[in-house]
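Peer 1: Here you go, this is target.cif (mmCIF, C-alpha atoms and all ligand atoms).
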data_run
loop_
_atom_site.label_atom_id
_atom_site.label_comp_id
_atom_site.auth_asym_id
_atom_site.auth_seq_id
_atom_site.Cartn_x
_atom_site.Cartn_y
_atom_site.Cartn_z
CA MET A 1 1.55 33.28 20.60
CA ALA A 2 0.96 35.63 23.50
CA SER A 3 2.88 38.50 21.89
CA SER A 4 0.94 38.76 18.59
CA PRO A 5 -2.30 40.78 18.77
CA ASN A 6 -4.75 38.15 17.50
CA PRO A 7 -3.12 34.74 17.79
CA THR A 8 -4.84 31.87 16.05
CA ILE A 9 -5.61 28.57 17.74
CA ASN A 10 -5.61 25.76 15.18
CA ILE A 11 -8.15 23.09 16.11
CA GLY A 12 -7.54 19.64 14.63
CA THR A 13 -10.42 17.25 13.96
CA ARG A 14 -11.26 14.20 11.90
CA GLN A 15 -13.28 14.89 8.76
CA SER A 16 -16.58 13.16 9.53
CA ALA A 17 -19.70 15.30 9.90
CA LEU A 18 -19.93 14.40 13.61
CA ALA A 19 -16.26 15.17 14.26
CA GLN A 20 -16.65 18.59 12.66
CA ILE A 21 -19.80 19.35 14.67
CA GLN A 22 -17.85 18.46 17.80
CA ALA A 23 -14.92 20.66 16.78
CA ARG A 24 -17.28 23.58 16.16
CA ALA A 25 -18.87 23.07 19.60
CA VAL A 26 -15.42 23.23 21.21
CA GLU A 27 -14.57 26.30 19.11
CA ALA A 28 -17.78 27.97 20.36
CA SER A 29 -16.97 27.28 24.03
CA LEU A 30 -13.43 28.52 23.55
CA LYS A 31 -14.65 31.67 21.79
CA ALA A 32 -17.02 32.37 24.67
CA ALA A 33 -14.29 31.85 27.27
CA HIS A 34 -11.46 33.52 25.31
CA PRO A 35 -12.85 35.97 22.74
CA ASP A 36 -9.41 37.51 22.10
CA TYR A 37 -8.10 34.60 20.07
CA ASN A 38 -8.85 33.62 16.50
CA TYR A 39 -9.83 30.03 15.87
CA LYS A 40 -9.38 27.84 12.83
CA ILE A 41 -10.80 24.35 12.39
CA CYS A 42 -8.49 21.98 10.48
CA PRO A 43 -10.17 18.74 9.30
CA VAL A 44 -7.73 15.88 8.62
CA LEU A 45 -8.38 12.49 6.99
CA ALA A 46 -7.50 9.59 9.33
CA THR A 47 -6.23 6.15 8.27
CA GLY A 48 -9.18 4.52 9.99
CA ASP A 49 -11.54 6.62 7.92
CA LYS A 50 -9.81 5.73 4.64
CA ASP A 51 -10.07 1.93 5.01
CA LYS A 52 -13.71 1.01 5.46
CA VAL A 53 -13.34 -2.63 4.41
CA THR A 54 -10.95 -4.36 6.81
CA PRO A 55 -12.81 -5.46 9.97
CA LEU A 56 -11.99 -3.05 12.79
CA GLN A 57 -10.62 -5.77 15.04
CA GLN A 58 -7.99 -6.63 12.40
CA LEU A 59 -7.17 -3.01 11.64
CA SER A 60 -6.59 -2.33 15.29
CA GLN A 61 -4.08 -5.13 15.77
CA GLY A 62 -0.32 -4.81 15.61
CA GLU A 63 2.08 -1.92 15.87
CA ASN A 64 -0.14 0.93 14.78
CA ALA A 65 -3.07 -0.27 16.80
CA LYS A 66 -3.40 2.94 18.70
CA SER A 67 -2.90 5.55 16.03
CA LEU A 68 -5.55 4.41 13.60
CA TRP A 69 -7.86 7.37 14.14
CA THR A 70 -5.44 9.91 15.51
CA GLY A 71 -2.00 9.28 13.98
CA GLU A 72 -1.99 12.02 11.33
CA LEU A 73 -3.53 14.57 13.69
CA GLU A 74 -1.03 13.77 16.42
CA THR A 75 1.90 14.23 14.06
CA MET A 76 0.54 17.67 13.14
CA LEU A 77 0.09 18.53 16.83
CA GLU A 78 3.69 17.50 17.57
CA ASN A 79 4.86 19.63 14.61
CA LYS A 80 2.90 22.60 15.98
CA GLU A 81 0.70 22.79 12.88
CA LEU A 82 -2.14 22.31 15.37
CA ASN A 83 -2.58 23.68 18.90
CA LEU A 84 -5.12 21.08 19.97
CA ILE A 85 -7.12 18.11 18.71
CA VAL A 86 -10.79 17.47 19.52
CA HIS A 87 -11.53 13.79 20.04
CA CYS A 88 -14.27 11.55 21.32
CA LEU A 89 -12.65 10.42 24.55
CA LYS A 90 -13.91 6.91 23.84
CA ASP A 91 -11.65 6.69 20.78
CA MET A 92 -8.54 7.70 22.70
CA PRO A 93 -6.09 5.02 23.80
CA THR A 94 -5.31 4.97 27.52
CA GLN A 95 -1.62 5.52 26.67
CA LEU A 96 -0.91 8.60 24.57
CA PRO A 97 2.30 9.35 22.64
CA ASP A 98 5.13 10.58 24.89
CA HIS A 99 4.93 14.30 24.23
CA LEU A 100 1.13 14.56 24.16
CA THR A 101 -1.49 14.63 26.90
CA LEU A 102 -5.17 15.24 27.60
CA GLY A 103 -5.50 18.99 28.13
CA ALA A 104 -9.18 18.83 29.08
CA ILE A 105 -12.26 16.63 29.21
CA LEU A 106 -15.52 18.48 28.55
CA GLU A 107 -19.00 17.99 30.00
CA ARG A 108 -20.40 14.62 29.08
CA GLU A 109 -23.33 14.24 26.69
CA ASP A 110 -25.65 11.27 27.33
CA PRO A 111 -23.19 8.34 27.65
CA ARG A 112 -25.70 5.55 26.96
CA ASP A 113 -25.92 3.26 23.97
CA ALA A 114 -29.08 3.49 21.91
CA LEU A 115 -31.09 0.97 19.90
CA ILE A 116 -32.06 2.05 16.38
CA ILE A 117 -34.71 -0.07 14.67
CA SER A 118 -35.06 -0.93 10.99
CA PRO A 119 -37.87 1.04 9.30
CA ARG A 120 -39.43 -2.37 8.45
CA LEU A 121 -40.18 -2.93 12.16
CA PRO A 122 -42.41 -0.87 14.48
CA LYS A 123 -40.59 2.15 15.90
CA GLU A 124 -41.51 1.09 19.49
CA THR A 125 -39.58 -2.17 19.13
CA THR A 126 -37.15 -2.78 22.00
CA LEU A 127 -34.45 -5.38 22.58
CA ALA A 128 -37.05 -7.49 24.37
CA THR A 129 -39.57 -7.34 21.51
CA LEU A 130 -37.18 -7.86 18.57
CA PRO A 131 -37.60 -11.20 16.77
CA PRO A 132 -35.43 -13.82 18.57
CA ASP A 133 -33.27 -14.37 15.46
CA ALA A 134 -32.82 -10.65 14.75
CA THR A 135 -29.52 -9.58 13.21
CA ILE A 136 -27.92 -6.67 15.04
CA GLY A 137 -25.41 -4.50 13.21
CA THR A 138 -22.41 -3.57 15.34
CA SER A 139 -18.64 -3.84 15.06
CA SER A 140 -18.19 -3.33 18.78
CA VAL A 141 -17.02 -6.39 20.72
CA ARG A 142 -18.35 -4.79 23.89
CA ARG A 143 -21.84 -4.25 22.49
CA ALA A 144 -22.06 -7.69 20.87
CA ALA A 145 -20.74 -9.53 23.95
CA GLN A 146 -23.16 -7.80 26.31
CA LEU A 147 -26.08 -8.41 23.95
CA ARG A 148 -25.13 -12.08 23.46
CA ARG A 149 -25.20 -12.44 27.22
CA LEU A 150 -28.68 -10.93 27.48
CA TYR A 151 -30.18 -12.24 24.21
CA PRO A 152 -28.28 -15.41 23.15
CA SER A 153 -30.45 -15.94 20.07
CA PHE A 154 -29.57 -12.66 18.31
CA LYS A 155 -27.17 -12.74 15.38
CA PHE A 156 -24.47 -10.13 14.84
CA ALA A 157 -22.97 -8.64 11.71
CA ASP A 158 -20.17 -6.14 11.21
CA LEU A 159 -21.26 -2.56 10.57
CA ARG A 160 -18.70 0.14 9.89
CA GLY A 161 -18.61 3.74 8.81
CA ASN A 162 -19.74 7.04 10.25
CA ILE A 163 -23.22 7.48 11.72
CA GLY A 164 -24.83 8.46 8.41
CA THR A 165 -23.34 5.43 6.65
CA ARG A 166 -24.50 3.09 9.39
CA LEU A 167 -28.05 4.44 9.39
CA GLY A 168 -28.05 4.19 5.57
CA LYS A 169 -27.08 0.51 5.75
CA LEU A 170 -29.82 -0.14 8.32
CA ASP A 171 -32.44 1.62 6.20
CA ALA A 172 -31.46 0.08 2.84
CA GLU A 173 -34.13 -2.12 1.25
CA ASP A 174 -31.90 -5.20 1.19
CA SER A 175 -30.49 -4.51 4.66
CA PRO A 176 -29.55 -7.61 6.67
CA PHE A 177 -30.05 -5.73 9.94
CA SER A 178 -33.14 -5.62 12.17
CA ALA A 179 -31.48 -3.04 14.39
CA ILE A 180 -28.18 -1.37 15.14
CA ILE A 181 -26.61 0.05 18.28
CA LEU A 182 -25.09 3.54 18.31
CA ALA A 183 -23.96 5.91 21.01
CA ALA A 184 -26.79 8.28 21.97
CA ALA A 185 -24.27 11.12 22.24
CA GLY A 186 -23.33 11.06 18.57
CA LEU A 187 -26.96 10.87 17.45
CA LYS A 188 -27.90 13.78 19.69
CA ARG A 189 -25.01 15.95 18.52
CA ILE A 190 -25.81 15.34 14.86
CA GLY A 191 -29.56 15.85 15.40
CA TRP A 192 -30.87 12.32 14.78
CA GLU A 193 -32.06 11.62 18.30
CA ASP A 194 -35.53 10.86 16.88
CA ARG A 195 -34.20 7.57 15.47
CA ILE A 196 -33.65 6.19 18.98
CA SER A 197 -36.18 3.50 19.94
CA GLN A 198 -34.62 2.56 23.27
CA TYR A 199 -31.89 3.86 25.56
CA LEU A 200 -29.82 1.00 26.94
CA SER A 201 -28.55 1.06 30.51
CA SER A 202 -28.32 -0.92 33.72
CA GLU A 203 -31.99 -0.11 34.19
CA ASN A 204 -33.27 -2.13 31.25
CA GLY A 205 -31.32 -5.34 31.21
CA GLY A 206 -27.80 -4.18 31.84
CA MET A 207 -26.08 -2.78 28.77
CA LEU A 208 -23.22 -0.66 30.07
CA TYR A 209 -21.39 1.87 27.93
CA ALA A 210 -17.79 2.19 26.79
CA VAL A 211 -15.16 3.91 28.89
CA GLY A 212 -15.29 7.62 28.11
CA GLN A 213 -18.38 7.36 25.91
CA GLY A 214 -20.20 10.65 25.37
CA ALA A 215 -17.33 12.89 26.49
CA LEU A 216 -15.18 15.06 24.26
CA ALA A 217 -11.49 15.29 25.04
CA ILE A 218 -8.85 17.75 23.96
CA GLU A 219 -5.33 16.57 23.25
CA ILE A 220 -2.41 19.01 23.50
CA ARG A 221 1.37 18.97 23.70
CA LYS A 222 2.51 18.09 27.21
CA ASP A 223 4.70 21.19 27.49
CA ASP A 224 2.01 23.62 26.29
CA GLU A 225 1.20 25.32 29.60
CA GLN A 226 -0.56 28.18 27.86
CA MET A 227 -3.04 25.85 26.14
CA ARG A 228 -3.59 23.95 29.38
CA HIS A 229 -4.48 27.23 31.04
CA ILE A 230 -6.81 28.26 28.20
CA LEU A 231 -8.61 24.92 28.38
CA SER A 232 -9.07 25.03 32.15
CA LYS A 233 -12.02 27.37 31.60
CA ILE A 234 -14.00 24.94 29.46
CA GLN A 235 -13.28 21.62 31.19
CA CYS A 236 -15.89 19.76 33.30
CA GLU A 237 -14.65 18.64 36.70
CA ARG A 238 -17.40 16.05 37.20
CA THR A 239 -16.82 14.40 33.84
CA THR A 240 -13.04 14.59 34.23
CA ARG A 241 -13.11 12.70 37.53
CA ALA A 242 -15.64 10.10 36.35
CA CYS A 243 -13.80 9.46 33.09
CA SER A 244 -10.42 9.35 34.85
CA ALA A 245 -11.76 6.50 37.00
CA GLU A 246 -13.09 4.73 33.90
CA ARG A 247 -9.83 5.12 31.99
CA ALA A 248 -7.69 3.98 34.93
CA LEU A 249 -9.90 0.89 35.12
CA LEU A 250 -9.45 0.18 31.41
CA ARG A 251 -5.68 0.80 31.62
CA ALA A 252 -5.40 -1.61 34.55
CA LEU A 253 -7.30 -4.29 32.64
CA GLU A 254 -4.90 -3.61 29.78
CA GLY A 255 -7.39 -3.18 27.11
CA GLY A 256 -7.70 -1.44 23.83
CA CYS A 257 -11.10 -0.64 22.40
CA SER A 258 -11.69 -4.32 21.71
CA VAL A 259 -12.00 -5.39 25.35
CA PRO A 260 -15.61 -6.21 26.23
CA ILE A 261 -15.84 -4.03 29.29
CA GLY A 262 -18.86 -1.86 30.07
CA VAL A 263 -19.13 0.89 32.67
CA GLU A 264 -21.73 3.23 34.11
CA THR A 265 -20.71 6.09 36.39
CA SER A 266 -22.78 8.67 38.25
CA TRP A 267 -22.38 11.22 41.02
CA ARG A 268 -24.62 11.00 44.05
CA GLY A 269 -24.90 13.31 46.97
CA GLY A 270 -27.66 14.07 49.48
CA THR A 271 -30.84 13.52 47.49
CA GLY A 272 -30.29 11.98 44.12
CA VAL A 273 -28.23 11.42 41.02
CA ALA A 274 -26.40 14.41 39.64
CA THR A 275 -26.09 15.22 35.95
CA GLY A 276 -23.02 15.81 33.89
CA VAL A 277 -22.49 12.09 33.83
CA GLN A 278 -25.99 10.65 33.70
CA PRO A 279 -29.39 12.11 33.01
CA ALA A 280 -30.92 13.68 36.11
CA LYS A 281 -33.19 11.46 38.14
CA ASN A 282 -34.97 14.32 39.86
CA TYR A 283 -37.87 16.07 38.19
CA ASP A 284 -39.70 19.27 39.05
CA LYS A 285 -43.49 19.78 39.02
CA ASP A 286 -43.61 20.14 35.24
CA GLY A 287 -41.68 16.93 34.74
CA LYS A 288 -38.55 18.81 33.76
CA ALA A 289 -35.25 17.27 34.81
CA VAL A 290 -33.49 19.20 37.56
CA GLU A 291 -29.78 19.14 38.08
CA GLU A 292 -28.74 18.50 41.60
CA GLU A 293 -26.49 21.27 42.83
CA GLY A 294 -24.34 20.62 45.82
CA HIS A 295 -20.60 20.54 46.16
CA LEU A 296 -18.87 17.96 44.02
CA ASP A 297 -16.39 17.08 46.76
CA GLU A 298 -19.27 16.04 49.00
CA GLN A 299 -20.72 13.64 46.46
CA ASP A 300 -19.80 10.02 45.84
CA LEU A 301 -18.76 8.59 42.51
CA PHE A 302 -20.75 5.41 41.76
CA ILE A 303 -19.26 3.00 39.27
CA LYS A 304 -20.90 -0.10 37.78
CA THR A 305 -18.79 -2.40 35.66
CA ILE A 306 -19.05 -5.59 33.64
CA VAL A 307 -16.47 -7.70 31.81
CA VAL A 308 -17.99 -10.22 29.38
CA SER A 309 -16.48 -13.04 27.35
CA VAL A 310 -16.85 -12.54 23.60
CA ASP A 311 -19.50 -15.29 23.39
CA GLY A 312 -21.44 -13.67 26.23
CA LYS A 313 -21.40 -16.87 28.27
CA GLU A 314 -19.17 -15.69 31.10
CA SER A 315 -19.31 -12.35 32.85
CA VAL A 316 -18.13 -10.60 35.98
CA GLU A 317 -19.92 -7.60 37.40
CA TYR A 318 -18.94 -5.25 40.18
CA GLU A 319 -20.26 -1.95 41.50
CA THR A 320 -19.06 0.32 44.25
CA SER A 321 -18.95 3.97 45.25
CA ARG A 322 -16.43 6.24 46.88
CA ASN A 323 -15.90 9.87 47.69
CA VAL A 324 -13.49 11.06 45.01
CA LYS A 325 -12.04 14.55 45.45
CA ASN A 326 -9.64 14.75 42.55
CA VAL A 327 -8.29 12.94 39.50
CA GLU A 328 -5.71 10.96 41.50
CA GLU A 329 -8.42 9.57 43.79
CA ALA A 330 -10.56 8.80 40.75
CA GLU A 331 -7.69 6.83 39.19
CA THR A 332 -7.15 4.92 42.42
CA LEU A 333 -10.83 4.00 42.43
CA GLY A 334 -10.54 2.77 38.82
CA ARG A 335 -7.51 0.62 39.62
CA ASP A 336 -9.15 -0.79 42.74
CA VAL A 337 -12.23 -1.74 40.72
CA ALA A 338 -9.96 -3.45 38.17
CA ASP A 339 -8.35 -5.49 40.96
CA VAL A 340 -11.71 -6.71 42.23
CA LEU A 341 -12.90 -7.56 38.72
CA LYS A 342 -9.70 -9.50 37.98
CA GLU A 343 -9.96 -11.40 41.23
CA ARG A 344 -13.56 -12.33 40.50
CA GLY A 345 -12.81 -13.81 37.09
CA ALA A 346 -12.16 -10.96 34.65
CA ALA A 347 -8.48 -11.95 34.45
CA ALA A 348 -9.41 -15.36 33.05
CA ILE A 349 -11.85 -13.84 30.54
CA LEU A 350 -9.30 -11.29 29.33
CA ASP A 351 -6.50 -13.88 29.17
CA LYS A 352 -8.60 -16.03 26.89
CA ILE A 353 -9.34 -13.06 24.62
CA SER A 354 -5.68 -12.09 24.28
CA LYS A 355 -4.68 -15.71 23.56
CA GLU A 356 -7.32 -15.89 20.83
CA LYS A 357 -6.02 -12.63 19.37
CA MET A 358 -2.46 -13.97 19.27
CA TRP A 359 -3.73 -17.13 17.61
CA ASP A 360 -5.58 -15.08 14.97
CA ALA A 361 -2.50 -12.95 14.32
CA LYS A 362 -0.36 -16.08 13.95
CA LYS A 363 -2.81 -17.61 11.48
CA LYS A 364 -2.86 -14.38 9.47
CA LEU A 365 0.95 -14.34 9.31
CA GLU A 366 0.99 -17.96 8.14
CA ALA A 367 -1.63 -17.25 5.51
CA ALA A 368 0.32 -14.22 4.30
CA SER A 369 3.61 -16.14 4.01
CA SER A 370 2.00 -19.07 2.19
CA VAL A 371 0.75 -16.68 -0.50
CA LYS A 372 4.31 -15.60 -1.33
N1 LIG B 1 -16.38 4.27 17.77
C1 LIG B 1 -16.85 5.44 17.12
C2 LIG B 1 -17.42 6.43 18.08
N2 LIG B 1 -16.64 7.13 18.90
C3 LIG B 1 -17.44 7.92 19.69
C4 LIG B 1 -18.74 7.70 19.30
C5 LIG B 1 -19.94 8.31 19.90
C6 LIG B 1 -19.81 9.65 20.50
C7 LIG B 1 -19.13 9.67 21.84
O1 LIG B 1 -18.95 8.64 22.50
O2 LIG B 1 -18.77 10.79 22.24
C8 LIG B 1 -18.74 6.77 18.26
C9 LIG B 1 -19.89 6.24 17.53
C10 LIG B 1 -20.68 5.19 18.24
O3 LIG B 1 -20.14 4.45 19.07
O4 LIG B 1 -21.89 5.07 17.97
#
Please, can you express the file's structure as structure tokens?

Peer 2:
Amino acid sequence: MASSPNPTINIGTRQSALAQIQARAVEASLKAAHPDYNYKICPVLATGDKDKVTPLQQLSQGENAKSLWTGELETMLENKELNLIVHCLKDMPTQLPDHLTLGAILEREDPRDALIISPRLPKETTLATLPPDATIGTSSVRRAAQLRRLYPSFKFADLRGNIGTRLGKLDAEDSPFSAIILAAAGLKRIGWEDRISQYLSSENGGMLYAVGQGALAIEIRKDDEQMRHILSKIQCERTTRACSAERALLRALEGGCSVPIGVETSWRGGTGVATGVQPAKNYDKDGKAVEEEGHLDEQDLFIKTIVVSVDGKESVEYETSRNVKNVEEAETLGRDVADVLKERGAAAILDKISKEKMWDAKKKLEAASSVK
């Protein structure tokens, strides 16, 4: 690639509107950092996007569990048809295929979950003011479990599809949903931030977000030193360390995306909370948020965590902070947090979930063989 005058970097992405917006944002940062290359965005249809009927939890069981959203793209990356893939970090398994790796994690958008209210209810409605028997649309075990814990009377119904589809189902006249939960990051990137009625966080009840939520990640071939070097200019050190801690925690708890674990990470030094991971907590005279400067190595990484049983009846919480100077230290923090959580009861909660999953899989097998 280096020898040709205008080499082209092929950027792989899923086909959804949001995925393509994200790919274009990465292309723009790369263009700014490396104007001498040509860039081409290559949208690819993923298995998970083709099948919109099977409940996610079932789709994500078994052998192909981890390649549902990324399988086709990863094959193309391995075949060198692509130079990199843009992903939502949240969608990436903690174990990647042998020859592939994360080449960069980019600056995090707002990582919080957001409450979107049905147009039949007042826009100012919050979790606390929803009718007690409200039906919430979400296919996320993590979101449902945390909400069941906080609001045991809510009902939950599966809601799949890309952001536009989900909002369409919420807004439909015969919609069963009073509200849905979406990641604020996706809504902001696609320009529908105005639909957000409430941001959910540890500050209003204790809804924590998914590991890696709000951050974009770039997957490359492990041996592609040149791409690693190119990406080093657009990565975000703060986000990389925070998300490395989160992912090490998830890996240690041995979870896929279906484990009800929530996290909240932030950097704190001298005077306040730094951005890049969480919205700034410092404001100037005009009420504008100010980023705290200061050297990253002198700040502490704060991490709040919760593991919840699927029915929301049992939960374990833990928070701590530590000075984290690099990715290795971040991963150690994540693993240490996992140990504490396990000791305090998360192991029992997770055991029960995996036993139930095995039971479900067994029943499905039996049902399938009795049909034949
Ligand atoms: N599971 C789908 C998914 N993967 C990443 C995001 C949001 C954007 C992000 O986290 O960067 C979403 C949608 C959602 O959870 O509302």

Peer 1: Counting only C-alpha atoms, which residues have an atom no more than 12 Å from (-3.2, 24.5, 25.7) in the file's coordinates? Please list them as a short mmCIF file (atom, residue, chain, number, x, y, z; two decimals) with C-alpha atoms, keeping the file's coordinate frame.

Peer 2:
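Writing done, so here's result.cif:
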data_model
loop_
_atom_site.label_atom_id
_atom_site.label_comp_id
_atom_site.auth_asym_id
_atom_site.auth_seq_id
_atom_site.Cartn_x
_atom_site.Cartn_y
_atom_site.Cartn_z
CA MET A 1 1.55 33.28 20.60
CA ILE A 9 -5.61 28.57 17.74
CA ASN A 10 -5.61 25.76 15.18
CA ILE A 11 -8.15 23.09 16.11
CA LEU A 30 -13.43 28.52 23.55
CA LEU A 77 0.09 18.53 16.83
CA LYS A 80 2.90 22.60 15.98
CA LEU A 82 -2.14 22.31 15.37
CA ASN A 83 -2.58 23.68 18.90
CA LEU A 84 -5.12 21.08 19.97
CA ILE A 85 -7.12 18.11 18.71
CA LEU A 100 1.13 14.56 24.16
CA THR A 101 -1.49 14.63 26.90
CA LEU A 102 -5.17 15.24 27.60
CA GLY A 103 -5.50 18.99 28.13
CA ALA A 104 -9.18 18.83 29.08
CA ILE A 218 -8.85 17.75 23.96
CA GLU A 219 -5.33 16.57 23.25
CA ILE A 220 -2.41 19.01 23.50
CA ARG A 221 1.37 18.97 23.70
CA LYS A 222 2.51 18.09 27.21
CA ASP A 223 4.70 21.19 27.49
CA ASP A 224 2.01 23.62 26.29
CA GLU A 225 1.20 25.32 29.60
CA GLN A 226 -0.56 28.18 27.86
CA MET A 227 -3.04 25.85 26.14
CA ARG A 228 -3.59 23.95 29.38
CA HIS A 229 -4.48 27.23 31.04
CA ILE A 230 -6.81 28.26 28.20
CA LEU A 231 -8.61 24.92 28.38
CA SER A 232 -9.07 25.03 32.15
CA LYS A 233 -12.02 27.37 31.60
CA ILE A 234 -14.00 24.94 29.46
CA GLN A 235 -13.28 21.62 31.19
#

Peer 1: List as CSV every residue of chain A that is in contact with ligand LIG 1 (chain B), defined as an atom at most 6 Å from one of its atoms (using all atoms listed in the file), together with the nearest atom pair and the distance in Å rounded to one decimal, sorted by chain and then rising number.

Peer 2:
residue,atom,partner,partner_atom,distance
A:Cys88,CA,B:LIG1,O2,4.7
A:Lys90,CA,B:LIG1,O1,5.5
A:Asp91,CA,B:LIG1,N2,5.4
A:Leu182,CA,B:LIG1,O4,3.6
A:Ala183,CA,B:LIG1,O4,3.8
A:Ala185,CA,B:LIG1,C6,5.0
A:Gly186,CA,B:LIG1,C6,4.3
A:Gln213,CA,B:LIG1,O1,3.7
A:Gly214,CA,B:LIG1,O2,3.4
A:Ala215,CA,B:LIG1,O2,5.0
A:Leu216,CA,B:LIG1,O2,5.9

Peer 1: Have a look at atom CA of A:Ala368 and atom CA of A:Thr70 and let me know their distance in Å, one decimal.

Peer 2: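 Computed distance, atom CA of A:Ala368 to atom CA of A:Thr70, equals 27.2 Å.
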
Peer 1: Tell me, in Å to one decimal, how far atom CA of A:Val324 is from atom CA of A:Glu254.

Peer 2: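 Distance reported for this atom pair: 22.8 Å.
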
Peer 1: List the residues sitting within 12 Å of (-9.4, 28.2, 11.9) in the file's frame, using all atoms listed in the file, as a ChimeraX atom specification.

Peer 2: /A:7-13,23-24,27-28,31,37-43,81-84

Peer 1: Mind checking which residues fall within 9 Å of A:Ile349, counting only C-alpha atoms, ignoring those fewer than 3 positions away in the same chain, and posting them as number ranges by chain?

Peer 2: A: 307-310, 314-316, 342, 345-346, 352-354

Peer 1: Using only C-alpha atoms, can you tell me which of A:Val141, A:Ala172, A:Cys236, A:Leu208 comes closest to A:Glu319?

Peer 2: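 Answer, going by the shortest atom-to-atom distance: A:Leu208.
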
Peer 1: Would you pick out the contacts of A:Gly191 at 12 Å or less, using only C-alpha atoms, so that residues sharing its chain but fewer than 5 positions from it are not included, and give the list as a PDB file with C-alpha atoms, keeping the file's coordinate frame?

Peer 2:
ATOM      1  CA  ALA A  17     -19.700  15.300   9.900  1.00  0.00           C
ATOM      2  CA  LEU A  18     -19.930  14.400  13.610  1.00  0.00           C
ATOM      3  CA  ILE A  21     -19.800  19.350  14.670  1.00  0.00           C
ATOM      4  CA  ILE A 163     -23.220   7.480  11.720  1.00  0.00           C
ATOM      5  CA  GLY A 164     -24.830   8.460   8.410  1.00  0.00           C
ATOM      6  CA  ALA A 184     -26.790   8.280  21.970  1.00  0.00           C
ATOM      7  CA  ALA A 185     -24.270  11.120  22.240  1.00  0.00           C
ATOM      8  CA  GLY A 186     -23.330  11.060  18.570  1.00  0.00           C
ATOM      9  CA  ILE A 196     -33.650   6.190  18.980  1.00  0.00           C
TER      10      ILE A 196
END

Peer 1: Skipping near chain neighbours, those fewer than 2 positions away, what residues fall within 7 Å of A:Gln299 using only C-alpha atoms, listed as a PyMOL selection string?

Peer 2: chain A and resi 267-269+295-297+301+323
